[in-house]
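A.B. asks: For reference, the file upload16.pdb (PDB, C-alpha atoms) is included below:
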```
ATOM      1  CA  MET Z   1     119.858 114.066 137.916  1.00  0.00           C
ATOM      2  CA  GLU Z   2     116.907 114.335 140.306  1.00  0.00           C
ATOM      3  CA  LYS Z   3     116.544 118.030 139.462  1.00  0.00           C
ATOM      4  CA  ALA Z   4     116.476 117.232 135.734  1.00  0.00           C
ATOM      5  CA  ARG Z   5     113.819 114.569 136.261  1.00  0.00           C
ATOM      6  CA  SER Z   6     111.747 117.048 138.225  1.00  0.00           C
ATOM      7  CA  LYS Z   7     111.951 119.537 135.350  1.00  0.00           C
ATOM      8  CA  VAL Z   8     110.880 116.877 132.850  1.00  0.00           C
ATOM      9  CA  ALA Z   9     107.903 115.972 135.045  1.00  0.00           C
ATOM     10  CA  SER Z  10     106.990 119.635 135.402  1.00  0.00           C
ATOM     11  CA  ALA Z  11     107.215 120.241 131.656  1.00  0.00           C
ATOM     12  CA  THR Z  12     105.156 117.154 130.892  1.00  0.00           C
ATOM     13  CA  GLN Z  13     102.505 118.175 133.410  1.00  0.00           C
ATOM     14  CA  ARG Z  14     102.359 121.641 131.852  1.00  0.00           C
ATOM     15  CA  ILE Z  15     101.764 120.225 128.363  1.00  0.00           C
ATOM     16  CA  TRP Z  16      99.114 117.802 129.671  1.00  0.00           C
ATOM     17  CA  SER Z  17      97.385 120.813 131.239  1.00  0.00           C
ATOM     18  CA  VAL Z  18      97.409 122.587 127.877  1.00  0.00           C
ATOM     19  CA  LEU Z  19      95.826 119.525 126.267  1.00  0.00           C
ATOM     20  CA  LEU Z  20      93.119 119.358 128.902  1.00  0.00           C
ATOM     21  CA  VAL Z  21      92.272 123.045 128.653  1.00  0.00           C
ATOM     22  CA  ALA Z  22      92.066 122.688 124.877  1.00  0.00           C
ATOM     23  CA  GLY Z  23      89.482 119.953 125.314  1.00  0.00           C
ATOM     24  CA  ALA Z  24      91.725 117.047 124.385  1.00  0.00           C
ATOM     25  CA  ALA Z  25      90.042 114.863 126.987  1.00  0.00           C
ATOM     26  CA  ALA Z  26      86.859 114.989 124.926  1.00  0.00           C
ATOM     27  CA  SER Z  27      88.646 113.879 121.781  1.00  0.00           C
ATOM     28  CA  PRO Z  28      88.598 110.240 120.558  1.00  0.00           C
ATOM     29  CA  MET Z  29      92.381 110.335 120.385  1.00  0.00           C
ATOM     30  CA  TRP Z  30      92.636 110.895 124.160  1.00  0.00           C
ATOM     31  CA  ASN Z  31      92.376 107.183 124.997  1.00  0.00           C
ATOM     32  CA  ALA Z  32      95.096 106.387 122.471  1.00  0.00           C
ATOM     33  CA  CYS Z  33      97.288 109.087 123.958  1.00  0.00           C
ATOM     34  CA  ALA Z  34      96.822 107.852 127.535  1.00  0.00           C
ATOM     35  CA  SER Z  35      97.411 104.228 126.487  1.00  0.00           C
ATOM     36  CA  ALA Z  36     100.643 104.988 124.673  1.00  0.00           C
ATOM     37  CA  GLN Z  37     101.961 107.118 127.558  1.00  0.00           C
ATOM     38  CA  SER Z  38     101.247 104.299 130.029  1.00  0.00           C
ATOM     39  CA  VAL Z  39     103.493 101.874 128.121  1.00  0.00           C
ATOM     40  CA  PRO Z  40     107.137 102.981 128.572  1.00  0.00           C
ATOM     41  CA  ASP Z  41     108.424 100.816 125.709  1.00  0.00           C
ATOM     42  CA  TYR Z  42     105.757 101.881 123.190  1.00  0.00           C
ATOM     43  CA  LYS Z  43     107.463 102.265 119.815  1.00  0.00           C
ATOM     44  CA  ILE Z  44     106.541 105.308 117.738  1.00  0.00           C
ATOM     45  CA  HIS Z  45     105.201 104.592 114.238  1.00  0.00           C
ATOM     46  CA  PRO Z  46     104.810 106.566 111.001  1.00  0.00           C
ATOM     47  CA  GLY Z  47     101.457 108.353 111.180  1.00  0.00           C
ATOM     48  CA  ASP Z  48     101.570 108.786 114.966  1.00  0.00           C
ATOM     49  CA  LYS Z  49     101.208 112.326 116.289  1.00  0.00           C
ATOM     50  CA  LEU Z  50     103.493 113.802 118.929  1.00  0.00           C
ATOM     51  CA  ILE Z  51     103.477 117.003 120.931  1.00  0.00           C
ATOM     52  CA  ILE Z  52     107.020 118.239 121.471  1.00  0.00           C
ATOM     53  CA  GLY Z  53     108.117 121.161 123.607  1.00  0.00           C
ATOM     54  CA  VAL Z  54     111.102 122.497 125.525  1.00  0.00           C
ATOM     55  CA  TYR Z  55     110.811 123.455 129.188  1.00  0.00           C
ATOM     56  CA  ASP Z  56     110.999 127.191 129.942  1.00  0.00           C
ATOM     57  CA  ASP Z  57     111.931 128.235 126.394  1.00  0.00           C
ATOM     58  CA  PRO Z  58     109.353 130.651 124.907  1.00  0.00           C
ATOM     59  CA  LYS Z  59     110.882 130.248 121.451  1.00  0.00           C
ATOM     60  CA  LEU Z  60     110.174 126.503 121.405  1.00  0.00           C
ATOM     61  CA  LEU Z  61     106.523 126.265 122.376  1.00  0.00           C
ATOM     62  CA  PRO Z  62     104.804 122.840 122.337  1.00  0.00           C
ATOM     63  CA  GLN Z  63     103.714 121.868 118.848  1.00  0.00           C
ATOM     64  CA  GLU Z  64     102.008 118.841 117.347  1.00  0.00           C
ATOM     65  CA  ILE Z  65     104.062 116.905 114.808  1.00  0.00           C
ATOM     66  CA  THR Z  66     102.958 113.987 112.641  1.00  0.00           C
ATOM     67  CA  VAL Z  67     105.588 111.297 112.103  1.00  0.00           C
ATOM     68  CA  SER Z  68     106.242 111.110 108.365  1.00  0.00           C
ATOM     69  CA  PRO Z  69     105.850 107.879 106.342  1.00  0.00           C
ATOM     70  CA  ASP Z  70     109.609 107.309 106.540  1.00  0.00           C
ATOM     71  CA  GLY Z  71     109.473 107.600 110.347  1.00  0.00           C
ATOM     72  CA  LYS Z  72     111.098 111.024 110.607  1.00  0.00           C
ATOM     73  CA  ILE Z  73     110.123 114.232 112.419  1.00  0.00           C
ATOM     74  CA  SER Z  74     111.421 117.782 112.207  1.00  0.00           C
ATOM     75  CA  TYR Z  75     111.699 120.243 115.094  1.00  0.00           C
ATOM     76  CA  PRO Z  76     113.281 123.717 115.296  1.00  0.00           C
ATOM     77  CA  LEU Z  77     117.006 123.622 116.101  1.00  0.00           C
ATOM     78  CA  ALA Z  78     116.929 119.832 116.508  1.00  0.00           C
ATOM     79  CA  GLY Z  79     116.438 119.397 112.759  1.00  0.00           C
ATOM     80  CA  VAL Z  80     115.250 116.207 111.082  1.00  0.00           C
ATOM     81  CA  MET Z  81     115.543 113.048 113.139  1.00  0.00           C
ATOM     82  CA  MET Z  82     114.295 109.468 113.084  1.00  0.00           C
ATOM     83  CA  ALA Z  83     111.429 108.787 115.507  1.00  0.00           C
ATOM     84  CA  GLY Z  84     109.911 105.636 114.010  1.00  0.00           C
ATOM     85  CA  GLY Z  85     110.818 102.498 115.930  1.00  0.00           C
ATOM     86  CA  LYS Z  86     112.019 104.467 118.956  1.00  0.00           C
ATOM     87  CA  THR Z  87     110.417 104.963 122.353  1.00  0.00           C
ATOM     88  CA  VAL Z  88     109.272 108.371 123.578  1.00  0.00           C
ATOM     89  CA  GLU Z  89     112.202 108.477 125.998  1.00  0.00           C
ATOM     90  CA  GLN Z  90     114.716 107.717 123.228  1.00  0.00           C
ATOM     91  CA  VAL Z  91     113.330 110.524 121.063  1.00  0.00           C
ATOM     92  CA  ARG Z  92     113.313 112.936 124.011  1.00  0.00           C
ATOM     93  CA  THR Z  93     116.920 112.105 124.904  1.00  0.00           C
ATOM     94  CA  GLU Z  94     118.140 112.517 121.318  1.00  0.00           C
ATOM     95  CA  MET Z  95     116.355 115.865 121.057  1.00  0.00           C
ATOM     96  CA  GLU Z  96     118.098 117.126 124.173  1.00  0.00           C
ATOM     97  CA  VAL Z  97     121.489 116.082 122.787  1.00  0.00           C
ATOM     98  CA  ARG Z  98     120.799 117.993 119.559  1.00  0.00           C
ATOM     99  CA  LEU Z  99     119.435 121.058 121.341  1.00  0.00           C
ATOM    100  CA  LYS Z 100     122.496 121.351 123.593  1.00  0.00           C
ATOM    101  CA  LYS Z 101     124.305 122.909 120.639  1.00  0.00           C
ATOM    102  CA  TYR Z 102     122.023 125.926 120.963  1.00  0.00           C
ATOM    103  CA  ILE Z 103     120.506 125.826 124.474  1.00  0.00           C
ATOM    104  CA  SER Z 104     122.205 125.233 127.808  1.00  0.00           C
ATOM    105  CA  ASP Z 105     120.646 122.369 129.754  1.00  0.00           C
ATOM    106  CA  PRO Z 106     117.556 121.843 127.507  1.00  0.00           C
ATOM    107  CA  ILE Z 107     114.674 119.838 128.975  1.00  0.00           C
ATOM    108  CA  ALA Z 108     112.552 118.386 126.150  1.00  0.00           C
ATOM    109  CA  THR Z 109     109.121 116.816 126.490  1.00  0.00           C
ATOM    110  CA  VAL Z 110     107.639 114.350 124.004  1.00  0.00           C
ATOM    111  CA  ILE Z 111     104.029 113.175 124.323  1.00  0.00           C
ATOM    112  CA  VAL Z 112     102.174 110.778 122.020  1.00  0.00           C
ATOM    113  CA  THR Z 113      98.748 112.250 121.234  1.00  0.00           C
ATOM    114  CA  ASP Z 114      97.583 109.884 118.494  1.00  0.00           C
ATOM    115  CA  THR Z 115      98.611 106.307 117.655  1.00  0.00           C
ATOM    116  CA  LYS Z 116      96.965 106.035 114.232  1.00  0.00           C
ATOM    117  CA  GLY Z 117     100.263 104.841 112.799  1.00  0.00           C
ATOM    118  CA  ASN Z 118     100.117 101.782 115.069  1.00  0.00           C
ATOM    119  CA  VAL Z 119      97.900  99.622 112.864  1.00  0.00           C
ATOM    120  CA  VAL Z 120      97.342  96.015 111.842  1.00  0.00           C
ATOM    121  CA  TYR Z 121      95.183  94.539 109.101  1.00  0.00           C
ATOM    122  CA  VAL Z 122      92.618  91.744 109.162  1.00  0.00           C
ATOM    123  CA  ILE Z 123      91.655  90.394 105.754  1.00  0.00           C
ATOM    124  CA  GLY Z 124      89.755  87.441 104.322  1.00  0.00           C
ATOM    125  CA  GLN Z 125      86.655  85.739 105.659  1.00  0.00           C
ATOM    126  CA  VAL Z 126      85.715  88.109 108.493  1.00  0.00           C
ATOM    127  CA  LEU Z 127      82.652  90.320 108.855  1.00  0.00           C
ATOM    128  CA  LYS Z 128      84.586  93.602 108.959  1.00  0.00           C
ATOM    129  CA  PRO Z 129      87.921  93.274 107.133  1.00  0.00           C
ATOM    130  CA  GLY Z 130      90.260  96.238 107.140  1.00  0.00           C
ATOM    131  CA  GLN Z 131      92.668  98.282 109.208  1.00  0.00           C
ATOM    132  CA  LEU Z 132      92.659  98.289 113.016  1.00  0.00           C
ATOM    133  CA  VAL Z 133      94.335 100.884 115.231  1.00  0.00           C
ATOM    134  CA  MET Z 134      96.074  99.401 118.291  1.00  0.00           C
ATOM    135  CA  ASN Z 135      96.111 101.356 121.570  1.00  0.00           C
ATOM    136  CA  PRO Z 136      98.836 100.316 122.057  1.00  0.00           C
ATOM    137  CA  THR Z 137      98.697  96.508 121.539  1.00  0.00           C
ATOM    138  CA  ILE Z 138      96.160  93.791 120.815  1.00  0.00           C
ATOM    139  CA  ASN Z 139      96.496  90.041 120.316  1.00  0.00           C
ATOM    140  CA  VAL Z 140      95.139  87.870 117.521  1.00  0.00           C
ATOM    141  CA  LEU Z 141      91.893  86.996 119.325  1.00  0.00           C
ATOM    142  CA  GLN Z 142      91.216  90.650 120.050  1.00  0.00           C
ATOM    143  CA  ALA Z 143      91.869  91.584 116.420  1.00  0.00           C
ATOM    144  CA  LEU Z 144      89.448  88.910 115.220  1.00  0.00           C
ATOM    145  CA  SER Z 145      86.826  90.198 117.643  1.00  0.00           C
ATOM    146  CA  MET Z 146      87.315  93.779 116.443  1.00  0.00           C
ATOM    147  CA  ALA Z 147      86.895  92.531 112.877  1.00  0.00           C
ATOM    148  CA  GLY Z 148      83.527  90.999 113.780  1.00  0.00           C
ATOM    149  CA  GLY Z 149      84.744  87.396 113.859  1.00  0.00           C
ATOM    150  CA  GLY Z 150      84.742  84.897 111.031  1.00  0.00           C
ATOM    151  CA  ASN Z 151      81.897  84.621 108.547  1.00  0.00           C
ATOM    152  CA  PRO Z 152      80.178  81.280 107.779  1.00  0.00           C
ATOM    153  CA  TYR Z 153      82.852  80.450 105.194  1.00  0.00           C
ATOM    154  CA  ALA Z 154      85.871  81.094 107.422  1.00  0.00           C
ATOM    155  CA  LYS Z 155      88.377  78.316 108.046  1.00  0.00           C
ATOM    156  CA  LEU Z 156      89.284  79.389 111.540  1.00  0.00           C
ATOM    157  CA  ASP Z 157      91.932  76.735 112.061  1.00  0.00           C
ATOM    158  CA  GLY Z 158      93.834  77.981 109.023  1.00  0.00           C
ATOM    159  CA  ILE Z 159      94.397  81.568 110.181  1.00  0.00           C
ATOM    160  CA  ILE Z 160      97.898  82.985 109.731  1.00  0.00           C
ATOM    161  CA  VAL Z 161      99.641  86.188 110.766  1.00  0.00           C
ATOM    162  CA  ILE Z 162     102.049  87.632 108.210  1.00  0.00           C
ATOM    163  CA  ARG Z 163     104.778  89.656 109.917  1.00  0.00           C
ATOM    164  CA  THR Z 164     107.500  91.646 108.174  1.00  0.00           C
ATOM    165  CA  THR Z 165     110.876  91.518 109.925  1.00  0.00           C
ATOM    166  CA  PRO Z 166     114.324  92.877 109.012  1.00  0.00           C
ATOM    167  CA  THR Z 167     115.207  89.430 107.657  1.00  0.00           C
ATOM    168  CA  GLY Z 168     112.020  88.963 105.637  1.00  0.00           C
ATOM    169  CA  GLN Z 169     108.430  87.868 106.197  1.00  0.00           C
ATOM    170  CA  ARG Z 170     107.407  85.346 108.853  1.00  0.00           C
ATOM    171  CA  ILE Z 171     104.261  83.240 108.961  1.00  0.00           C
ATOM    172  CA  LEU Z 172     102.717  82.695 112.395  1.00  0.00           C
ATOM    173  CA  PRO Z 173      99.955  80.036 112.400  1.00  0.00           C
ATOM    174  CA  PHE Z 174      96.852  80.499 114.527  1.00  0.00           C
ATOM    175  CA  LYS Z 175      94.381  77.666 115.054  1.00  0.00           C
ATOM    176  CA  TYR Z 176      91.282  79.210 116.586  1.00  0.00           C
ATOM    177  CA  GLY Z 177      89.870  75.885 117.784  1.00  0.00           C
ATOM    178  CA  GLN Z 178      92.944  75.125 119.883  1.00  0.00           C
ATOM    179  CA  VAL Z 179      93.126  78.583 121.443  1.00  0.00           C
ATOM    180  CA  ALA Z 180      89.368  78.654 122.130  1.00  0.00           C
ATOM    181  CA  ALA Z 181      89.788  75.344 123.946  1.00  0.00           C
ATOM    182  CA  GLY Z 182      92.574  76.781 126.076  1.00  0.00           C
ATOM    183  CA  LYS Z 183      95.333  74.851 124.298  1.00  0.00           C
ATOM    184  CA  ASP Z 184      98.604  76.181 122.860  1.00  0.00           C
ATOM    185  CA  LEU Z 185      97.786  79.729 123.937  1.00  0.00           C
ATOM    186  CA  ALA Z 186     101.226  80.852 122.743  1.00  0.00           C
ATOM    187  CA  GLN Z 187      99.634  81.123 119.298  1.00  0.00           C
ATOM    188  CA  ASN Z 188      97.645  84.120 120.535  1.00  0.00           C
ATOM    189  CA  VAL Z 189     100.564  86.482 120.061  1.00  0.00           C
ATOM    190  CA  ASP Z 190     100.535  90.225 120.618  1.00  0.00           C
ATOM    191  CA  LEU Z 191     100.391  91.806 117.185  1.00  0.00           C
ATOM    192  CA  GLU Z 192     102.992  94.252 115.937  1.00  0.00           C
ATOM    193  CA  SER Z 193     102.351  97.295 113.790  1.00  0.00           C
ATOM    194  CA  GLY Z 194     102.032  96.258 110.151  1.00  0.00           C
ATOM    195  CA  ASP Z 195     100.995  92.654 110.879  1.00  0.00           C
ATOM    196  CA  VAL Z 196      98.407  91.159 108.536  1.00  0.00           C
ATOM    197  CA  VAL Z 197      95.954  88.601 109.950  1.00  0.00           C
ATOM    198  CA  VAL Z 198      94.658  86.403 107.124  1.00  0.00           C
ATOM    199  CA  VAL Z 199      91.455  84.438 107.665  1.00  0.00           C
ATOM    200  CA  PRO Z 200      91.015  81.932 104.763  1.00  0.00           C
TER     201      PRO Z 200
END
```
For this file, write the structure as structure tokens.

C.D. replies:
Amino acid sequence: MEKARSKVASATQRIWSVLLVAGAAASPMWNACASAQSVPDYKIHPGDKLIIGVYDDPKLLPQEITVSPDGKISYPLAGVMMAGGKTVEQVRTEMEVRLKKYISDPIATVIVTDTKGNVVYVIGQVLKPGQLVMNPTINVLQALSMAGGGNPYAKLDGIIVIRTTPTGQRILPFKYGQVAAGKDLAQNVDLESGDVVVVP
């Protein structure tokens, strides 16, 4: 087990080195990549970009893959598999299971290089309504700040977060005045991908 972990670490380090040499550190997506990698339970989203490779297999060189709108990815030998909603480790483990049919003791590496699929929306009476990319999470206050705050017509104590769940949509109220005063801070929830913050 320790030997396998060492191989995974070595493979990951090798791919990071390739990214650095290619100038990835100068790219705007670098911060998103580093943020996602630093959160072990980060869930992959449609639109995210991954670099996938297999340790010591020249036929399966690292390649960048964009997660499709239905959450799926495709990789040689592993075929089509669901990545959306899974962690990097879950995707890596499933890939190794699939690759074992063709390769003895495969060591796969999965790295998130872009989290553009991890988005929320702020609409209504804010200065800059629209889509926000999370790297990897933000709360309601942070989203409002990124959207420029409320305009003079905003009813800040009537803000709601609309969240889609497997059982339907939920409405999470957010009263800015209370949170700004340090009261009922539980309202300042961490947003999830796809959430819509509505400022009336």

A.B. asks: What does the structure give for the distance between atom CA of Ile44 of chain Z and atom CA of Gly124 of chain Z, in Å to one decimal?

C.D. replies: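 Result for atom CA of Ile44 of chain Z versus atom CA of Gly124 of chain Z: 27.9 Å, one decimal.
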
A.B. asks: Can you give me, as a list in words, the residues this file yields under the PyMOL selection byres ((chain Z and resi 102) around 12)?

C.D. replies: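 Evaluating the PyMOL selection byres ((chain Z and resi 102) around 12) on this file yields Asp57, Lys59, Leu60, Pro76, Leu77, Ala78, Gly79, Met95, Glu96, Val97, Arg98, Leu99, Lys100, Lys101, Ile103, Ser104, Asp105 and Pro106 of chain Z.
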
A.B. asks: When the PyMOL selection byres ((chain Z and resi 162) around 6) is applied to the file above, which residues end up in the set, as a ChimeraX atom specification?

C.D. replies: /Z:161,163,170-171,195-196

A.B. asks: The PyMOL selection byres ((chain Z and resi 129-131) around 10) - which residues does that actually catch in the file I just gave you? List them as a list in words.

C.D. replies: Val119, Val120, Tyr121, Val122, Ile123, Gly124, Gln125, Val126, Leu127, Lys128, Leu132, Val133, Met134, Ala143, Leu144, Met146, Ala147, Gly148, Gly149, Gly150, Gly194, Val196, Val197, Val198 and Val199 of chain Z

A.B. asks: In Å, rounded to a single decimal, give me how far atom CA of His45 of chain Z is from atom CA of Gly85 of chain Z.

C.D. replies: 6.2 Å

A.B. asks: Any idea what the distance is between atom CA of Lys116 of chain Z and atom CA of Thr165 of chain Z?

C.D. replies: 20.6 Å

A.B. asks: Contacts of Ile73 of chain Z at 10 Å or less, counting only C-alpha atoms, minus same-chain residues fewer than 2 places along, as a list in words?

C.D. replies: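 Skipping anything fewer than 2 positions along the chain leaves Pro46, Lys49, Leu50, Ile65, Thr66, Val67, Ser68, Pro69, Asp70, Gly71, Tyr75, Ala78, Gly79, Val80, Met81, Met82, Ala83, Gly84 and Val91 of chain Z.
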
A.B. asks: Selected residues, C-alpha atoms, written as a PDB file, in the frame of the given file, please.

C.D. replies:
```pdb
ATOM      1  CA  PRO Z  46     104.810 106.566 111.001  1.00  0.00           C
ATOM      2  CA  LYS Z  49     101.208 112.326 116.289  1.00  0.00           C
ATOM      3  CA  LEU Z  50     103.493 113.802 118.929  1.00  0.00           C
ATOM      4  CA  ILE Z  65     104.062 116.905 114.808  1.00  0.00           C
ATOM      5  CA  THR Z  66     102.958 113.987 112.641  1.00  0.00           C
ATOM      6  CA  VAL Z  67     105.588 111.297 112.103  1.00  0.00           C
ATOM      7  CA  SER Z  68     106.242 111.110 108.365  1.00  0.00           C
ATOM      8  CA  PRO Z  69     105.850 107.879 106.342  1.00  0.00           C
ATOM      9  CA  ASP Z  70     109.609 107.309 106.540  1.00  0.00           C
ATOM     10  CA  GLY Z  71     109.473 107.600 110.347  1.00  0.00           C
ATOM     11  CA  TYR Z  75     111.699 120.243 115.094  1.00  0.00           C
ATOM     12  CA  ALA Z  78     116.929 119.832 116.508  1.00  0.00           C
ATOM     13  CA  GLY Z  79     116.438 119.397 112.759  1.00  0.00           C
ATOM     14  CA  VAL Z  80     115.250 116.207 111.082  1.00  0.00           C
ATOM     15  CA  MET Z  81     115.543 113.048 113.139  1.00  0.00           C
ATOM     16  CA  MET Z  82     114.295 109.468 113.084  1.00  0.00           C
ATOM     17  CA  ALA Z  83     111.429 108.787 115.507  1.00  0.00           C
ATOM     18  CA  GLY Z  84     109.911 105.636 114.010  1.00  0.00           C
ATOM     19  CA  VAL Z  91     113.330 110.524 121.063  1.00  0.00           C
TER      20      VAL Z  91
END
```

A.B. asks: From the list Z:Asn135, Z:Asn118, Z:Asn188, Z:Lys183, which residue is nearest Ile159 of chain Z when using all atoms listed in the file?

C.D. replies: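 Looking only at the distances to Ile159 of chain Z, the closest residue turns out to be Z:Asn188.
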